[in-house]
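Visitor: Following this message is one structure expressed as structure tokens.
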Amino acid sequence: MATDKKEDLRIQKTKEAIRKAFEEMICEMDYEQISIKELTQRARINRKTFYLHYNTLDDLLRELQNEMAQDFIKRTEGFKRPMDMDKITREFFLGSEELGKVGERITCSGNYKYISRKITNDIMNQTWKNESRSASENPYIQNIIMTYVSQSTLAIYKQWVADGKKIPLEDIISIATQLICHGINGSTL
């Protein structure tokens with residue numbers, strides 16, 4: 001039994017080293033520039049060890065984005081969509097800030113666009129699609145609403161980051177919430 005615990009600890013430490021090196025590289029360079037060779041050097045493991053845990057860098061990236069999506073889903077558990085969009089928007093911004101530079105790069109960097117879209121789709125499919133709908137609700141209208149909300153929120157966040165976060169967090173949350181929930185004509189901006 002003690003051997004199993006040691007193996008589990010070694011595996012855990014190895015995966016943490018891989019993850020730490022990967023996150024550092026995401027913050028420093030475009031995804032296409034990340035190589036398994038450099039990743040394994042930074043993590044101080046050999047290539048074979050990497051391949052024991054992941055088949056490709058894309059698998060490691062998918063694991064990271066799945067964790068990001070699941071964290072957001074957990075943060076917004078119990079919120080009703082679209083009625084609680086103010087709370088959901090708030091949690092998006094707070095959660096994004098907690099992710100730090102890695103979250104910013106994955107969400108905002110041009111080379112990671114397909115990643116943020118994948119995360120958005122995963123979140124929408126796991127949350128909005130699970131909301132109970134009356135038989136009269138049109139699923140195509142729901143898709144339009146989901147797209148509007150997700151893309152508007154992402155666009156506001158990306159612009160805020162691009163502007164160097166010159167607007168305080170609470171203020172950008174308020175602005176985003178007003179725009180997303182009430183539109184430009186209904187907001188008090």
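Convention: chains lettered A, B, ... in structure tokens order; per-chain residue numbering from 1; ligands numbered from 1 as shown.
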Tell me which protein, DNA and RNA residues are within 9 Å of Val161 (chain A), counting only C-alpha atoms, leaving out same-chain ones fewer than 5 positions away, and put them as number ranges by chain.

Guide: A: 104, 108, 156, 166

Visitor: Which neighbours of region 39-42 of chain A fall inside 8 Å, counting only C-alpha atoms, when residues of the same chain fewer than 6 positions from it are skipped, and could you give them as a PyMOL selection string?

Guide: chain A and resi 18+21-22+25+50

Visitor: Excluding Thr153 (chain A) and its own-chain neighbours fewer than 4 positions away, which residues fall within 12 Å of it when counting only C-alpha atoms? Please give them as number ranges by chain.

Guide: A: 85-86, 88-93, 96, 107-108, 116, 120, 146-149, 157-160, 172-181

Visitor: Report, in Å with one decimal, the straight-line distance from CA of Gln12 (chain A) to CA of Arg47 (chain A).

Guide: 16.8 Å

Visitor: Please indicate the distance in Å from CA of Thr76 (chain A) to CA of Lys15 (chain A), rounded to one decimal place.

Guide: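 Straight-line distance from CA of Thr76 (chain A) to CA of Lys15 (chain A) works out to 27.8 Å.
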
Visitor: Name the residues of region 9-188 of chain A that fall into alpha helix (DSSP H) according to DSSP on the backbone, using the chain letters and numbers of this document, as a ChimeraX atom specification.

Guide: /A:9-28,36-43,47-53,57-75,85-108,113-127,139-162,169-186

Visitor: Which of these, A:Arg105, A:Asp84, A:Arg44, A:Phe72, has the shortest distance to Glu23 (chain A) once you count only C-alpha atoms?

Guide: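 Answer, going by the shortest atom-to-atom distance: A:Arg105.
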